[in-house]
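Peer 1: Hey, dropping model16.pdb in here, PDB, C-alpha atoms, pLDDT in the B column:
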ATOM      1  CA  MET A   1     -23.387 -78.144  59.272  1.00 51.00           C
ATOM      2  CA  ALA A   2     -22.994 -75.026  61.440  1.00 56.00           C
ATOM      3  CA  ALA A   3     -25.432 -72.184  61.019  1.00 60.00           C
ATOM      4  CA  GLN A   4     -23.938 -69.160  59.320  1.00 65.00           C
ATOM      5  CA  LYS A   5     -23.819 -66.047  61.489  1.00 54.00           C
ATOM      6  CA  PRO A   6     -25.763 -63.135  60.017  1.00 57.00           C
ATOM      7  CA  GLU A   7     -23.748 -60.067  59.068  1.00 61.00           C
ATOM      8  CA  LEU A   8     -24.148 -57.295  61.618  1.00 53.00           C
ATOM      9  CA  THR A   9     -25.431 -54.008  60.258  1.00 59.00           C
ATOM     10  CA  ALA A  10     -25.066 -50.466  61.523  1.00 54.00           C
ATOM     11  CA  ASP A  11     -28.527 -50.729  63.028  1.00 58.00           C
ATOM     12  CA  ASP A  12     -27.215 -53.506  65.271  1.00 56.00           C
ATOM     13  CA  TYR A  13     -24.996 -50.808  66.787  1.00 60.00           C
ATOM     14  CA  ALA A  14     -28.001 -48.688  67.589  1.00 71.00           C
ATOM     15  CA  TYR A  15     -26.387 -46.008  69.773  1.00 69.00           C
ATOM     16  CA  ARG A  16     -29.317 -46.057  72.166  1.00 71.00           C
ATOM     17  CA  LEU A  17     -27.103 -43.731  74.216  1.00 71.00           C
ATOM     18  CA  PRO A  18     -24.086 -41.692  73.086  1.00 70.00           C
ATOM     19  CA  ASP A  19     -21.688 -44.158  74.710  1.00 73.00           C
ATOM     20  CA  HIS A  20     -18.440 -42.398  73.843  1.00 71.00           C
ATOM     21  CA  TRP A  21     -19.636 -39.150  75.400  1.00 71.00           C
ATOM     22  CA  ILE A  22     -20.870 -40.981  78.491  1.00 71.00           C
ATOM     23  CA  LEU A  23     -17.401 -42.484  78.973  1.00 66.00           C
ATOM     24  CA  GLU A  24     -16.098 -38.934  79.294  1.00 63.00           C
ATOM     25  CA  GLU A  25     -18.537 -38.221  82.111  1.00 58.00           C
ATOM     26  CA  LYS A  26     -17.665 -41.334  84.129  1.00 55.00           C
ATOM     27  CA  ASP A  27     -14.876 -41.635  86.644  1.00 57.00           C
ATOM     28  CA  SER A  28     -11.832 -40.420  84.748  1.00 57.00           C
ATOM     29  CA  SER A  29      -9.516 -42.541  86.897  1.00 63.00           C
ATOM     30  CA  SER A  30     -10.936 -45.728  85.361  1.00 69.00           C
ATOM     31  CA  HIS A  31      -8.474 -47.461  83.047  1.00 75.00           C
ATOM     32  CA  PHE A  32     -10.589 -47.824  79.889  1.00 73.00           C
ATOM     33  CA  PRO A  33     -11.836 -44.214  79.601  1.00 75.00           C
ATOM     34  CA  MET A  34      -8.319 -42.925  80.268  1.00 78.00           C
ATOM     35  CA  MET A  35      -6.831 -45.117  77.530  1.00 82.00           C
ATOM     36  CA  TYR A  36      -9.628 -44.344  75.068  1.00 82.00           C
ATOM     37  CA  HIS A  37      -9.368 -40.582  75.581  1.00 83.00           C
ATOM     38  CA  ALA A  38      -5.579 -40.708  75.226  1.00 87.00           C
ATOM     39  CA  TYR A  39      -5.973 -42.668  71.981  1.00 88.00           C
ATOM     40  CA  VAL A  40      -8.518 -40.239  70.521  1.00 89.00           C
ATOM     41  CA  ASP A  41      -6.459 -37.235  71.622  1.00 91.00           C
ATOM     42  CA  ARG A  42      -3.401 -38.740  69.898  1.00 94.00           C
ATOM     43  CA  VAL A  43      -5.365 -39.126  66.655  1.00 94.00           C
ATOM     44  CA  ALA A  44      -6.585 -35.519  66.966  1.00 94.00           C
ATOM     45  CA  SER A  45      -3.021 -34.299  67.624  1.00 95.00           C
ATOM     46  CA  LEU A  46      -1.670 -36.102  64.571  1.00 96.00           C
ATOM     47  CA  VAL A  47      -4.389 -34.603  62.377  1.00 96.00           C
ATOM     48  CA  GLU A  48      -3.774 -31.134  63.796  1.00 94.00           C
ATOM     49  CA  GLN A  49       0.022 -31.444  63.395  1.00 95.00           C
ATOM     50  CA  SER A  50      -0.443 -32.460  59.769  1.00 95.00           C
ATOM     51  CA  GLY A  51      -1.770 -28.988  59.027  1.00 95.00           C
ATOM     52  CA  ALA A  52      -5.195 -30.315  58.019  1.00 97.00           C
ATOM     53  CA  LYS A  53      -8.072 -27.886  58.272  1.00 97.00           C
ATOM     54  CA  SER A  54     -10.888 -30.154  57.040  1.00 97.00           C
ATOM     55  CA  VAL A  55     -11.395 -33.723  58.220  1.00 97.00           C
ATOM     56  CA  LEU A  56     -13.773 -36.484  57.231  1.00 97.00           C
ATOM     57  CA  GLU A  57     -14.337 -39.153  59.843  1.00 96.00           C
ATOM     58  CA  VAL A  58     -15.588 -42.415  58.404  1.00 96.00           C
ATOM     59  CA  GLY A  59     -17.533 -44.363  61.014  1.00 94.00           C
ATOM     60  CA  CYS A  60     -18.111 -41.322  63.224  1.00 95.00           C
ATOM     61  CA  GLY A  61     -20.750 -43.022  65.372  1.00 92.00           C
ATOM     62  CA  ASP A  62     -22.039 -40.584  67.976  1.00 93.00           C
ATOM     63  CA  GLY A  63     -19.561 -37.887  66.902  1.00 95.00           C
ATOM     64  CA  TYR A  64     -17.184 -38.052  69.845  1.00 94.00           C
ATOM     65  CA  ASN A  65     -13.994 -37.996  67.769  1.00 95.00           C
ATOM     66  CA  CYS A  66     -15.408 -35.238  65.560  1.00 97.00           C
ATOM     67  CA  GLY A  67     -16.138 -33.273  68.723  1.00 96.00           C
ATOM     68  CA  ARG A  68     -12.511 -33.593  69.825  1.00 94.00           C
ATOM     69  CA  LEU A  69     -11.347 -32.431  66.379  1.00 96.00           C
ATOM     70  CA  ALA A  70     -13.829 -29.530  66.275  1.00 97.00           C
ATOM     71  CA  ALA A  71     -12.604 -28.427  69.718  1.00 94.00           C
ATOM     72  CA  ARG A  72      -9.181 -27.986  68.093  1.00 94.00           C
ATOM     73  CA  GLY A  73     -10.687 -25.691  65.453  1.00 95.00           C
ATOM     74  CA  LEU A  74     -10.850 -28.212  62.610  1.00 96.00           C
ATOM     75  CA  GLY A  75     -13.760 -28.386  60.189  1.00 97.00           C
ATOM     76  CA  VAL A  76     -15.331 -31.827  60.615  1.00 97.00           C
ATOM     77  CA  VAL A  77     -17.670 -33.978  58.602  1.00 97.00           C
ATOM     78  CA  GLY A  78     -18.734 -37.415  59.763  1.00 96.00           C
ATOM     79  CA  ILE A  79     -20.418 -40.352  58.118  1.00 95.00           C
ATOM     80  CA  ASP A  80     -21.822 -43.437  59.764  1.00 93.00           C
ATOM     81  CA  GLY A  81     -24.342 -46.149  59.001  1.00 90.00           C
ATOM     82  CA  SER A  82     -26.216 -45.698  62.281  1.00 90.00           C
ATOM     83  CA  SER A  83     -29.097 -43.238  62.138  1.00 90.00           C
ATOM     84  CA  ASN A  84     -29.075 -42.851  65.939  1.00 91.00           C
ATOM     85  CA  GLY A  85     -25.320 -42.245  65.890  1.00 93.00           C
ATOM     86  CA  ILE A  86     -25.807 -39.473  63.341  1.00 94.00           C
ATOM     87  CA  LYS A  87     -28.624 -37.932  65.408  1.00 94.00           C
ATOM     88  CA  TYR A  88     -26.371 -37.787  68.478  1.00 94.00           C
ATOM     89  CA  ALA A  89     -23.422 -36.448  66.479  1.00 96.00           C
ATOM     90  CA  THR A  90     -25.570 -33.668  65.016  1.00 96.00           C
ATOM     91  CA  ILE A  91     -26.745 -32.622  68.483  1.00 95.00           C
ATOM     92  CA  LEU A  92     -23.412 -32.991  70.303  1.00 96.00           C
ATOM     93  CA  VAL A  93     -21.177 -31.456  67.622  1.00 97.00           C
ATOM     94  CA  PRO A  94     -23.138 -28.490  66.251  1.00 97.00           C
ATOM     95  CA  LYS A  95     -20.123 -27.239  64.247  1.00 95.00           C
ATOM     96  CA  GLY A  96     -19.889 -30.523  62.317  1.00 97.00           C
ATOM     97  CA  ARG A  97     -21.826 -31.882  59.366  1.00 96.00           C
ATOM     98  CA  PHE A  98     -23.028 -35.465  59.505  1.00 96.00           C
ATOM     99  CA  TYR A  99     -24.392 -37.952  56.992  1.00 93.00           C
ATOM    100  CA  ARG A 100     -25.791 -41.437  57.199  1.00 93.00           C
ATOM    101  CA  GLY A 101     -24.118 -43.710  54.682  1.00 91.00           C
ATOM    102  CA  ASP A 102     -21.997 -46.749  53.998  1.00 90.00           C
ATOM    103  CA  VAL A 103     -18.425 -46.580  52.695  1.00 89.00           C
ATOM    104  CA  ARG A 104     -19.156 -49.605  50.542  1.00 88.00           C
ATOM    105  CA  ASP A 105     -21.816 -47.793  48.485  1.00 88.00           C
ATOM    106  CA  GLU A 106     -20.900 -46.703  44.973  1.00 81.00           C
ATOM    107  CA  ASP A 107     -22.310 -43.229  45.592  1.00 84.00           C
ATOM    108  CA  PHE A 108     -20.358 -42.729  48.852  1.00 85.00           C
ATOM    109  CA  THR A 109     -18.129 -39.997  47.379  1.00 83.00           C
ATOM    110  CA  THR A 110     -21.046 -37.996  45.926  1.00 86.00           C
ATOM    111  CA  ASN A 111     -21.794 -36.791  49.465  1.00 83.00           C
ATOM    112  CA  PHE A 112     -18.497 -34.905  49.451  1.00 87.00           C
ATOM    113  CA  PRO A 113     -17.953 -32.666  46.414  1.00 87.00           C
ATOM    114  CA  ASP A 114     -15.174 -30.713  48.181  1.00 91.00           C
ATOM    115  CA  PRO A 115     -12.010 -32.670  49.016  1.00 95.00           C
ATOM    116  CA  PHE A 116     -10.740 -33.019  52.590  1.00 97.00           C
ATOM    117  CA  ASP A 117      -7.267 -32.430  53.983  1.00 97.00           C
ATOM    118  CA  ALA A 118      -7.524 -35.605  56.075  1.00 97.00           C
ATOM    119  CA  VAL A 119      -9.681 -38.682  56.526  1.00 96.00           C
ATOM    120  CA  ILE A 120      -9.718 -40.709  59.721  1.00 96.00           C
ATOM    121  CA  LEU A 121     -11.127 -44.100  60.657  1.00 93.00           C
ATOM    122  CA  VAL A 122     -11.098 -45.036  64.313  1.00 91.00           C
ATOM    123  CA  GLU A 123     -12.174 -48.595  65.059  1.00 88.00           C
ATOM    124  CA  VAL A 124     -13.877 -48.995  61.665  1.00 90.00           C
ATOM    125  CA  LEU A 125     -12.040 -51.550  59.525  1.00 89.00           C
ATOM    126  CA  GLU A 126     -13.087 -54.462  61.706  1.00 89.00           C
ATOM    127  CA  HIS A 127     -16.720 -53.696  60.833  1.00 86.00           C
ATOM    128  CA  ILE A 128     -16.165 -53.991  57.074  1.00 90.00           C
ATOM    129  CA  PRO A 129     -16.442 -57.535  55.702  1.00 91.00           C
ATOM    130  CA  PRO A 130     -13.023 -58.623  54.349  1.00 93.00           C
ATOM    131  CA  ALA A 131     -14.374 -59.081  50.817  1.00 94.00           C
ATOM    132  CA  ASP A 132     -15.448 -55.407  50.792  1.00 93.00           C
ATOM    133  CA  CYS A 133     -12.313 -53.839  52.309  1.00 92.00           C
ATOM    134  CA  VAL A 134     -10.451 -52.940  49.107  1.00 93.00           C
ATOM    135  CA  ASP A 135     -13.428 -51.156  47.533  1.00 91.00           C
ATOM    136  CA  ALA A 136     -14.280 -49.479  50.837  1.00 92.00           C
ATOM    137  CA  LEU A 137     -10.717 -48.175  51.219  1.00 93.00           C
ATOM    138  CA  ARG A 138     -10.785 -46.825  47.644  1.00 92.00           C
ATOM    139  CA  ASN A 139     -13.978 -44.948  48.499  1.00 92.00           C
ATOM    140  CA  ILE A 140     -12.529 -43.693  51.773  1.00 92.00           C
ATOM    141  CA  VAL A 141      -9.453 -42.105  50.178  1.00 93.00           C
ATOM    142  CA  ALA A 142     -11.357 -40.715  47.177  1.00 92.00           C
ATOM    143  CA  PRO A 143     -12.444 -37.458  48.936  1.00 93.00           C
ATOM    144  CA  LEU A 144      -8.868 -36.622  49.992  1.00 94.00           C
ATOM    145  CA  LYS A 145      -7.051 -33.658  48.455  1.00 94.00           C
ATOM    146  CA  SER A 146      -4.143 -34.764  46.334  1.00 88.00           C
ATOM    147  CA  GLY A 147      -0.767 -34.614  48.038  1.00 78.00           C
TER     148      GLY A 147
END
Give the structure from the file, written as structure tokens.

Peer 2:
Amino acid sequence: MAAQKPELTADDYAYRLPDHWILEEKDSSSHFPMMYHAYVDRVASLVEQSGAKSVLEVGCGDGYNCGRLAARGLGVVGIDGSSNGIKYATILVPKGRFYRGDVRDEDFTTNFPDPFDAVILVEVLEHIPPADCVDALRNIVAPLKSG
């Protein structure tokens, strides 16, 4: 019988360094940083074009995506399960608000009494166990403004 792999937690993604920000500082001609920045900029453009003014990023990590959104004048709030990620986000995106939490928790939406114009998740769903995805997605869309 094979040993069962333990479920990874947010603390396993410790953000010992703000990796996403460091990618920006490296050689911009490298393939991966170029593709990643283009991807994040496309997400930010879509949010901006939607007319959204307030954005919640679920799984914000070190705040890089929130920083790109804030640079476009959007009000950003981020949530992530990594305490180090939240520390970096708070330092690197002073105009944002950041919370440590898990989208699977029942009280997830109590952190956000005011609804958001948009919610984004960038590279997040693969970190949610399949059995928890439906409830997590319900929680994620709950703080959206209607319409």

Peer 1: Env of region 45-48 of chain A: 12 Å cut, atoms = all atoms listed in the file, seq-sep filter 6 positions within chain, self excluded. Answer as number ranges by chain.

Peer 2: A: 37-39, 54-57, 65-66, 68-76, 116-121

Peer 1: Produce the centre coordinates and the three edge lengths, each in Å to one decimal, of the box along x, y and z that contains all listed atoms of region 47-52 of chain A with 5 Å added on each side, as AutoDock Vina command-line options.

Peer 2:
--center_x -2.6 --center_y -31.8 --center_z 60.9 --size_x 15.2 --size_y 15.6 --size_z 15.8

Peer 1: Considering only C-alpha atoms, return as a CSV table (one decimal) with C-alpha atoms, in the coordinates of the input whatever protein or nucleic-acid residues lie within 7 Å of Asp102 (chain A), sequence-local ones (same chain, fewer than 2 positions apart) excluded.

Peer 2:
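Ended up saving to selection_6.csv:
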chain,number,residue,atom,x,y,z
A,80,ASP,CA,-21.8,-43.4,59.8
A,81,GLY,CA,-24.3,-46.1,59.0
A,104,ARG,CA,-19.2,-49.6,50.5
A,105,ASP,CA,-21.8,-47.8,48.5
A,108,PHE,CA,-20.4,-42.7,48.9

Peer 1: Work out how far CA of Ala131 (chain A) is from CA of Ala14 (chain A), in Å to one decimal.

Peer 2: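 Atom-to-atom, CA of Ala14 (chain A) and CA of Ala131 (chain A) are spaced 24.0 Å apart.
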
Peer 1: Have a look at A:Pro143, A:Pro129, A:Gly96, A:Pro33 and name the one nearest to Thr109 (chain A); count all atoms listed in the file.

Peer 2: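 Closest residue, counting all atoms listed in the file: A:Pro143.
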
Peer 1: Which residues match the PyMOL selection byres ((chain A and resi 146) around 9) in the file above, as a tab-separated table (two decimals) with C-alpha atoms, keeping the file's coordinate frame?

Peer 2:
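For reference, part29.tsv as written:
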chain	number	residue	atom	x	y	z
A	115	PRO	CA	-12.01	-32.67	49.02
A	117	ASP	CA	-7.27	-32.43	53.98
A	144	LEU	CA	-8.87	-36.62	49.99
A	145	LYS	CA	-7.05	-33.66	48.46
A	147	GLY	CA	-0.77	-34.61	48.04

Peer 1: Mind giving me the straight-line distance from CA of Ile22 (chain A) to CA of Gly101 (chain A) in Å, one decimal?

Peer 2: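 Taking CA of Ile22 (chain A) as the start and CA of Gly101 (chain A) as the end point, the length is 24.2 Å.
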
Peer 1: What gap, in Å, lies between CA of Gly59 (chain A) and CA of Asp41 (chain A)?

Peer 2: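 A separation of 16.9 Å between them.
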
Peer 1: Let me make sure I understand: among A:Ile86, A:Val58, A:Met34, A:Ala142, which one has the smallest atom-to-atom distance to His127 (chain A) if we use all atoms listed in the file?

Peer 2: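 Selected residue with least distance to His127 (chain A): A:Val58.
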